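Student: Got a file for you: my_file-v1.cif, mmCIF, C-alpha atoms.
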```cif
data_run
#
loop_
_atom_site.label_atom_id
_atom_site.label_comp_id
_atom_site.auth_asym_id
_atom_site.auth_seq_id
_atom_site.Cartn_x
_atom_site.Cartn_y
_atom_site.Cartn_z
CA MET A 1 -16.14 -37.59 -50.46
CA ILE A 2 -19.34 -39.67 -50.41
CA GLU A 3 -19.48 -42.83 -52.53
CA THR A 4 -22.33 -45.22 -53.28
CA TYR A 5 -21.79 -48.67 -51.85
CA ALA A 6 -21.26 -51.65 -54.15
CA PRO A 7 -20.69 -55.30 -53.10
CA ALA A 8 -17.09 -55.11 -54.31
CA LYS A 9 -16.44 -52.57 -51.54
CA TRP A 10 -17.46 -54.96 -48.76
CA PRO A 11 -13.88 -56.01 -47.81
CA SER A 12 -12.92 -52.37 -47.21
CA LEU A 13 -16.00 -51.94 -45.02
CA VAL A 14 -15.11 -54.73 -42.60
CA ASP A 15 -12.43 -52.75 -40.74
CA LEU A 16 -14.87 -49.87 -40.22
CA LEU A 17 -17.49 -52.19 -38.74
CA ASP A 18 -14.97 -53.94 -36.49
CA ALA A 19 -13.80 -50.60 -35.09
CA TYR A 20 -17.31 -49.31 -34.34
CA PRO A 21 -17.85 -49.75 -30.59
CA TYR A 22 -21.68 -49.77 -30.42
CA LYS A 23 -22.41 -53.29 -31.62
CA PRO A 24 -25.45 -55.33 -30.53
CA TYR A 25 -25.02 -57.25 -27.28
CA THR A 26 -21.78 -55.57 -26.25
CA GLY A 27 -23.37 -54.64 -22.91
CA TYR A 28 -23.58 -58.30 -21.96
CA ALA A 29 -19.77 -58.45 -21.54
CA ARG A 30 -19.75 -62.18 -22.25
CA TRP A 31 -18.70 -63.17 -25.75
CA PRO A 32 -15.36 -63.04 -27.60
CA GLU A 33 -14.96 -59.92 -29.71
CA ALA A 34 -14.60 -62.04 -32.85
CA GLY A 35 -18.09 -63.47 -32.41
CA LEU A 36 -19.67 -60.06 -31.93
CA GLN A 37 -17.83 -58.76 -34.99
CA LYS A 38 -19.07 -61.63 -37.18
CA LEU A 39 -22.64 -61.19 -35.99
CA TYR A 40 -22.53 -57.44 -36.59
CA ARG A 41 -20.97 -57.87 -40.04
CA THR A 42 -23.67 -60.34 -41.03
CA ARG A 43 -26.50 -58.03 -39.95
CA VAL A 44 -24.97 -55.00 -41.65
CA LYS A 45 -24.29 -56.93 -44.85
CA SER A 46 -27.94 -58.00 -45.06
CA ILE A 47 -28.90 -54.31 -45.04
CA VAL A 48 -26.23 -52.83 -47.31
CA GLU A 49 -26.80 -55.52 -49.97
CA ASP A 50 -30.61 -55.33 -49.83
CA PRO A 51 -31.63 -54.41 -53.40
CA SER A 52 -34.51 -52.28 -52.15
CA GLY A 53 -32.23 -49.99 -50.13
CA PHE A 54 -29.30 -47.65 -50.53
CA THR A 55 -25.94 -47.30 -48.76
CA TRP A 56 -23.26 -44.63 -48.91
CA LEU A 57 -19.65 -44.55 -47.69
CA ALA A 58 -17.69 -41.53 -46.49
CA MET A 59 -14.06 -41.35 -47.65
CA GLU A 60 -11.52 -39.06 -46.01
CA GLY A 61 -7.93 -38.92 -47.27
CA GLY A 62 -8.42 -42.19 -49.11
CA ALA A 63 -9.64 -43.93 -45.95
CA LEU A 64 -13.16 -45.14 -45.20
CA ASN A 65 -14.49 -43.45 -42.07
CA GLY A 66 -18.29 -43.34 -42.37
CA LEU A 67 -21.36 -45.28 -43.44
CA ILE A 68 -25.13 -44.86 -43.70
CA SER A 69 -27.94 -46.99 -45.15
CA LEU A 70 -31.52 -46.19 -46.16
CA THR A 71 -34.30 -48.78 -46.37
CA PRO A 72 -37.94 -48.20 -47.37
CA LEU A 73 -40.57 -49.16 -44.80
CA LYS A 74 -43.55 -50.60 -46.64
CA TRP A 75 -45.61 -51.51 -43.58
CA ASP A 76 -45.06 -48.13 -41.90
CA SER A 77 -45.92 -46.33 -45.13
CA GLU A 78 -49.23 -48.16 -45.38
CA ARG A 79 -50.13 -47.51 -41.75
CA LEU A 80 -49.01 -43.86 -41.61
CA GLY A 81 -50.42 -42.82 -44.97
CA MET A 82 -47.09 -41.36 -46.10
CA SER A 83 -44.02 -42.94 -47.62
CA ALA A 84 -41.61 -43.94 -44.83
CA ALA A 85 -38.00 -45.09 -44.70
CA ARG A 86 -35.45 -46.04 -42.05
CA LEU A 87 -31.83 -44.96 -41.71
CA ALA A 88 -29.45 -47.56 -40.31
CA ASN A 89 -25.72 -48.28 -39.98
CA PHE A 90 -25.01 -44.61 -39.28
CA ILE A 91 -21.31 -44.71 -38.40
CA CYS A 92 -18.70 -41.96 -38.17
CA LEU A 93 -15.41 -43.17 -36.74
CA ASP A 94 -13.98 -39.70 -36.10
CA GLU A 95 -14.85 -37.80 -32.95
CA GLY A 96 -16.24 -34.37 -32.13
CA GLN A 97 -16.68 -31.80 -34.87
CA GLN A 98 -14.98 -33.94 -37.50
CA ALA A 99 -17.41 -36.80 -36.84
CA GLN A 100 -20.33 -34.41 -37.12
CA ARG A 101 -19.00 -32.99 -40.41
CA VAL A 102 -18.73 -36.50 -41.85
CA GLY A 103 -22.14 -37.36 -40.44
CA ALA A 104 -23.68 -34.23 -41.96
CA ARG A 105 -22.37 -35.17 -45.42
CA LEU A 106 -23.72 -38.70 -45.15
CA LEU A 107 -27.08 -37.47 -43.91
CA ALA A 108 -27.31 -34.90 -46.69
CA LYS A 109 -26.79 -37.64 -49.28
CA ALA A 110 -29.37 -39.91 -47.67
CA LEU A 111 -31.92 -37.11 -47.30
CA ASP A 112 -31.43 -36.05 -50.93
CA CYS A 113 -32.25 -39.63 -51.89
CA CYS A 114 -35.37 -39.48 -49.71
CA LEU A 115 -36.46 -36.34 -51.52
CA GLU A 116 -35.88 -37.93 -54.92
CA ARG A 117 -37.70 -41.13 -53.96
CA GLY A 118 -40.58 -39.42 -52.20
CA TYR A 119 -39.85 -40.71 -48.70
CA ARG A 120 -41.45 -38.18 -46.38
CA TYR A 121 -41.17 -39.86 -42.98
CA VAL A 122 -37.63 -40.92 -42.04
CA VAL A 123 -36.73 -42.63 -38.76
CA ILE A 124 -33.58 -43.91 -37.12
CA ARG A 125 -32.64 -45.56 -33.83
CA GLN A 126 -29.12 -44.72 -32.65
CA ASP A 127 -27.17 -46.02 -29.68
CA ALA A 128 -27.41 -43.38 -26.95
CA GLY A 129 -23.66 -43.63 -26.36
CA ASP A 130 -22.91 -42.41 -29.88
CA LEU A 131 -23.46 -38.75 -29.08
CA ASP A 132 -21.62 -37.47 -32.16
CA ALA A 133 -24.08 -39.32 -34.41
CA VAL A 134 -27.08 -38.18 -32.35
CA GLN A 135 -25.95 -34.55 -32.50
CA ALA A 136 -25.33 -34.81 -36.26
CA LEU A 137 -28.91 -36.07 -36.65
CA GLU A 138 -30.26 -33.21 -34.57
CA SER A 139 -28.24 -30.69 -36.62
CA SER A 140 -29.80 -32.18 -39.77
CA GLY A 141 -33.32 -31.55 -38.50
CA PHE A 142 -34.17 -34.83 -36.80
CA ILE A 143 -36.19 -34.62 -33.60
CA THR A 144 -36.12 -37.05 -30.68
CA LEU A 145 -39.26 -39.16 -30.27
CA ASP A 146 -38.25 -41.48 -27.47
CA GLY A 147 -35.41 -43.23 -25.70
CA ILE A 148 -35.27 -46.98 -25.22
CA LEU A 149 -33.80 -48.79 -22.22
CA THR A 150 -32.75 -52.38 -22.92
CA PHE A 151 -32.80 -54.97 -20.16
CA VAL A 152 -31.43 -58.52 -20.22
CA MET A 153 -31.80 -61.66 -18.14
CA ARG A 154 -30.27 -65.12 -18.16
CA VAL A 155 -33.14 -67.54 -18.59
CA ASP A 156 -31.64 -70.03 -16.14
CA GLU A 157 -31.73 -67.32 -13.45
CA SER A 158 -35.50 -66.89 -13.66
CA ALA A 159 -37.33 -68.58 -10.81
CA GLY A 160 -40.72 -68.95 -12.49
CA GLU A 161 -43.99 -67.87 -10.95
CA SER A 162 -47.60 -69.01 -11.01
CA PRO A 163 -50.23 -66.65 -12.49
CA PRO A 164 -52.85 -65.02 -10.25
CA LYS A 165 -55.76 -67.12 -9.05
CA ASN A 166 -58.29 -68.08 -11.75
CA VAL A 167 -55.91 -66.86 -14.49
CA SER A 168 -54.18 -69.14 -16.99
CA ILE A 169 -51.51 -68.38 -19.57
CA ARG A 170 -51.26 -70.19 -22.88
CA ILE A 171 -50.17 -69.81 -26.50
CA ALA A 172 -52.58 -67.56 -28.38
CA ASN A 173 -54.82 -69.05 -31.05
CA ASP A 174 -56.74 -67.49 -33.92
CA SER A 175 -59.76 -66.81 -31.72
CA ASP A 176 -57.63 -64.62 -29.43
CA CYS A 177 -56.44 -62.24 -32.16
CA GLU A 178 -59.36 -59.81 -32.04
CA ALA A 179 -59.38 -59.51 -28.25
CA ALA A 180 -55.60 -59.11 -28.06
CA ALA A 181 -55.66 -56.48 -30.81
CA ALA A 182 -58.36 -54.59 -28.89
CA ILE A 183 -56.04 -54.46 -25.86
CA ALA A 184 -53.14 -53.28 -28.05
CA ARG A 185 -55.37 -50.52 -29.45
CA VAL A 186 -55.64 -48.84 -26.03
CA ALA A 187 -52.60 -50.04 -24.07
CA PHE A 188 -49.64 -48.17 -25.59
CA VAL A 189 -49.00 -44.49 -24.90
CA TYR A 190 -45.21 -44.10 -24.48
CA ASP A 191 -44.02 -45.35 -27.90
CA ARG A 192 -42.53 -43.23 -30.68
CA PHE A 193 -45.74 -43.25 -32.72
CA HIS A 194 -47.79 -41.74 -29.89
CA ALA A 195 -44.98 -39.28 -29.16
CA ASP A 196 -44.97 -37.94 -32.72
CA LEU A 197 -47.19 -34.90 -33.24
CA VAL A 198 -47.61 -35.64 -36.96
CA ILE A 199 -49.33 -38.95 -36.15
CA SER A 200 -52.83 -38.81 -34.70
CA ARG A 201 -53.65 -40.71 -31.53
CA LYS A 202 -56.22 -42.76 -33.44
CA LYS A 203 -53.71 -43.74 -36.11
CA ALA A 204 -51.07 -44.68 -33.51
CA ASP A 205 -53.64 -46.78 -31.62
CA GLU A 206 -54.73 -48.59 -34.76
CA LEU A 207 -51.13 -49.20 -35.80
CA HIS A 208 -50.55 -51.20 -32.63
CA ALA A 209 -53.76 -53.15 -33.10
CA VAL A 210 -52.73 -54.16 -36.63
CA TRP A 211 -49.19 -54.94 -35.42
CA LEU A 212 -50.52 -57.26 -32.72
CA GLY A 213 -52.94 -58.90 -35.17
CA ASN A 214 -50.06 -59.65 -37.53
CA THR A 215 -48.04 -60.98 -34.61
CA CYS A 216 -50.82 -63.39 -33.64
CA ARG A 217 -50.74 -64.67 -37.20
CA GLY A 218 -47.02 -65.42 -36.96
CA LEU A 219 -45.85 -62.51 -39.12
CA ALA A 220 -43.91 -60.48 -36.55
CA ALA A 221 -42.92 -62.86 -33.73
CA ASP A 222 -42.33 -66.52 -32.96
CA ALA A 223 -44.93 -66.82 -30.20
CA VAL A 224 -47.72 -64.87 -28.54
CA LEU A 225 -48.84 -65.81 -25.04
CA VAL A 226 -52.14 -64.64 -23.60
CA ALA A 227 -53.40 -64.44 -20.03
CA VAL A 228 -57.06 -65.43 -19.81
CA ASP A 229 -59.81 -65.95 -17.27
CA GLN A 230 -63.49 -66.79 -17.61
CA GLY A 231 -64.13 -63.31 -18.98
CA GLY A 232 -61.63 -63.56 -21.83
CA VAL A 233 -58.18 -62.24 -22.69
CA LEU A 234 -56.56 -60.11 -19.97
CA GLY A 235 -53.21 -59.43 -21.60
CA PHE A 236 -50.56 -60.67 -24.00
CA ILE A 237 -46.80 -60.90 -24.51
CA THR A 238 -44.94 -61.51 -27.78
CA CYS A 239 -41.66 -63.42 -28.11
CA LYS A 240 -39.03 -63.51 -30.85
CA LEU A 241 -35.95 -65.69 -31.38
CA HIS A 242 -32.71 -64.32 -32.86
CA THR A 243 -31.32 -67.47 -34.43
CA ASP A 244 -28.25 -65.73 -35.86
CA THR A 245 -26.93 -65.25 -32.32
CA HIS A 246 -26.64 -69.00 -31.88
CA HIS A 247 -24.64 -69.30 -35.09
CA HIS A 248 -22.17 -66.52 -34.31
CA LEU A 249 -22.09 -66.42 -30.50
CA GLY A 250 -22.92 -70.00 -29.61
CA THR A 251 -25.77 -68.61 -27.52
CA LEU A 252 -29.42 -68.23 -28.49
CA ILE A 253 -30.93 -64.86 -27.56
CA GLY A 254 -34.62 -64.02 -27.50
CA SER A 255 -36.57 -60.78 -27.24
CA ILE A 256 -39.83 -59.78 -25.62
CA ILE A 257 -41.35 -57.38 -28.15
CA LEU A 258 -44.77 -56.26 -26.88
CA VAL A 259 -46.44 -56.62 -23.49
CA ALA A 260 -49.84 -55.22 -22.56
CA THR A 261 -52.64 -55.72 -20.04
CA ALA A 262 -56.29 -54.78 -20.50
CA PRO A 263 -57.16 -51.57 -18.61
CA ASP A 264 -59.61 -53.32 -16.28
CA ALA A 265 -57.07 -56.09 -15.48
CA ARG A 266 -54.20 -53.90 -14.28
CA GLN A 267 -52.70 -54.04 -10.79
CA ARG A 268 -53.42 -57.77 -10.65
CA GLY A 269 -49.95 -59.06 -11.50
CA ILE A 270 -50.89 -59.98 -15.08
CA GLY A 271 -47.84 -58.31 -16.64
CA ARG A 272 -45.50 -60.03 -14.19
CA ALA A 273 -47.14 -63.41 -14.79
CA LEU A 274 -46.89 -62.98 -18.56
CA THR A 275 -43.20 -62.07 -18.28
CA PHE A 276 -42.39 -65.21 -16.31
CA ALA A 277 -44.48 -67.30 -18.70
CA ALA A 278 -42.49 -65.86 -21.60
CA LEU A 279 -39.25 -66.78 -19.84
CA ASP A 280 -40.57 -70.33 -19.47
CA TRP A 281 -41.37 -70.41 -23.20
CA PHE A 282 -37.89 -69.15 -24.06
CA ARG A 283 -36.36 -71.78 -21.80
CA ASP A 284 -38.25 -74.47 -23.72
CA GLN A 285 -36.68 -73.11 -26.93
CA ALA A 286 -33.16 -73.47 -25.43
CA VAL A 287 -32.73 -69.69 -25.21
CA ASP A 288 -29.91 -68.53 -22.93
CA PHE A 289 -30.63 -64.80 -22.65
CA VAL A 290 -33.79 -62.74 -23.06
CA GLU A 291 -33.79 -59.01 -23.69
CA VAL A 292 -36.60 -56.50 -23.54
CA GLY A 293 -36.78 -52.80 -24.27
CA THR A 294 -39.04 -50.08 -22.96
CA GLN A 295 -39.29 -46.32 -23.28
CA ILE A 296 -37.32 -44.18 -20.84
CA ARG A 297 -40.56 -42.56 -19.63
CA ASN A 298 -42.28 -45.88 -19.05
CA ILE A 299 -41.23 -46.18 -15.42
CA PRO A 300 -43.81 -48.88 -14.53
CA ALA A 301 -42.43 -51.18 -17.24
CA SER A 302 -38.83 -50.60 -16.13
CA ARG A 303 -39.79 -51.45 -12.56
CA LEU A 304 -41.60 -54.59 -13.74
CA TYR A 305 -38.54 -55.90 -15.57
CA GLU A 306 -36.19 -55.07 -12.72
CA ASN A 307 -38.51 -56.79 -10.24
CA CYS A 308 -38.55 -59.88 -12.47
CA GLY A 309 -34.75 -60.02 -12.41
CA PHE A 310 -33.74 -58.22 -15.60
CA ARG A 311 -30.79 -55.81 -15.53
CA LEU A 312 -30.17 -52.70 -17.62
CA ILE A 313 -27.50 -53.18 -20.31
CA GLY A 314 -28.05 -50.51 -22.96
CA SER A 315 -29.98 -47.53 -24.27
CA SER A 316 -30.84 -45.98 -27.62
CA ILE A 317 -32.63 -42.95 -29.04
CA SER A 318 -35.34 -42.88 -31.72
CA LEU A 319 -35.41 -39.82 -33.99
CA ARG A 320 -37.34 -38.81 -37.09
CA LYS A 321 -37.44 -36.15 -39.78
CA ILE A 322 -40.24 -35.05 -42.08
CA ILE A 323 -38.99 -34.39 -45.61
#
```
Please go through the file and, once you have read it, give me the structure as structure tokens.
Tutor:
Amino acid sequence: MIETYAPAKWPSLVDLLDAYPYKPYTGYARWPEAGLQKLYRTRVKSIVEDPSGFTWLAMEGGALNGLISLTPLKWDSERLGMSAARLANFICLDEGQQAQRVGARLLAKALDCCLERGYRYVVIRQDAGDLDAVQALESSGFITLDGILTFVMRVDESAGESPPKNVSIRIANDSDCEAAAAIARVAFVYDRFHADLVISRKKADELHAVWLGNTCRGLAADAVLVAVDQGGVLGFITCKLHTDTHHHLGTLIGSIILVATAPDARQRGIGRALTFAALDWFRDQAVDFVEVGTQIRNIPASRLYENCGFRLIGSSISLRKII
């Protein structure tokens, strides 16, 4: 049986969340389980009690054994020219065929809601280890767009490195936004937007340019660093702080979100210099760990992060369905 979530049902949901093994940061193998559980509960609760979204619970024999949430994506809808939404918290505690049956019922409910609400473009990112959920998504018509590898590094283990000769790295200012956005417009080719056949190359390029412009204005990250020389901006890197990790884990974690180098500035060590500069910025913010993700097919980026001292700790899969 599938039920609509209501805040009064939160206590019964806690045990389900605690039992789910694919929580954020579990690959670090560092923190007490209680801290990870509290952090995960807090993040899930912010989604399931968001008034703009929807959440459903799967009941089996009077017991709660599944969950799924649906949230509209305003920014994506505007950029893609079609109403978009994201699925999250897709959990089926059973295994094998039973898990996929429960998952299919949850997905059917969520997709019916998408149809009623006019959401045409539906995306989800699922932990790659949760194969039952991934296969349930595939059986419901979702296609794989990309896989993400997540790397992590202790900030105090980074050695620091000077940028190439005649190159300096600094915090971006308003005058850098246009040049950085121009780099973003041509730099990304491996992401899920470029991998999706229903999105034109031009639209995917422009999406990244707008994203970077918003980031420079402080709307999507906490800092943007740019590498510059006498000719202008050579590349950028964006940094974000996850302050809830400090509250629940006693450790502040940061993320590198976007990194790109201008086409005519590649093979000069700009990406490496930006990465170390970002680590320095995170260190100044008292960050303990920094994580970064890149697409499975982006081998150069994976090599860059490994060469800078990051280590692989997780993977996920991005899927989408057109309604």
Student: When distances are computed from all atoms listed in the file, which of A:Val186, A:Ala204, A:Leu16, A:Cys239 shows the smallest separation from Asp264 (chain A)?
Tutor: A:Val186
Student: What does the structure give for the distance between CA of Phe236 (chain A) and CA of Leu258 (chain A), in Å to one decimal?
Tutor: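 Rounded to one decimal, the two atoms are 7.8 Å apart.
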Student: Which polymer residues have any atom within 6 Å of an atom of region 87-100 of chain A, counting only C-alpha atoms, with same-chain residues fewer than 3 positions away left out, as a count of residues only?
Tutor: 11
Student: So how many Å separate CA of Asp244 (chain A) and CA of Leu319 (chain A), to one decimal?
Tutor: 26.9 Å
Student: I'd like the interatomic distance between CA of Glu116 (chain A) and CA of Asp146 (chain A), to a tenth of an Å.
Tutor: 27.8 Å
Student: Report as a ChimeraX atom specification the residues that result from applying the PyMOL selection byres ((chain A and resi 280) around 12) to the structure here.
Tutor: /A:154-162,169-171,225,239,254,273-279,281-290
Student: So which one's closest to Ser83 (chain A), A:Tyr5, A:Phe54, A:Tyr121, A:Tyr20? Using all atoms listed in the file, please.
Tutor: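 Under the stated criterion, the closest residue is A:Tyr121.
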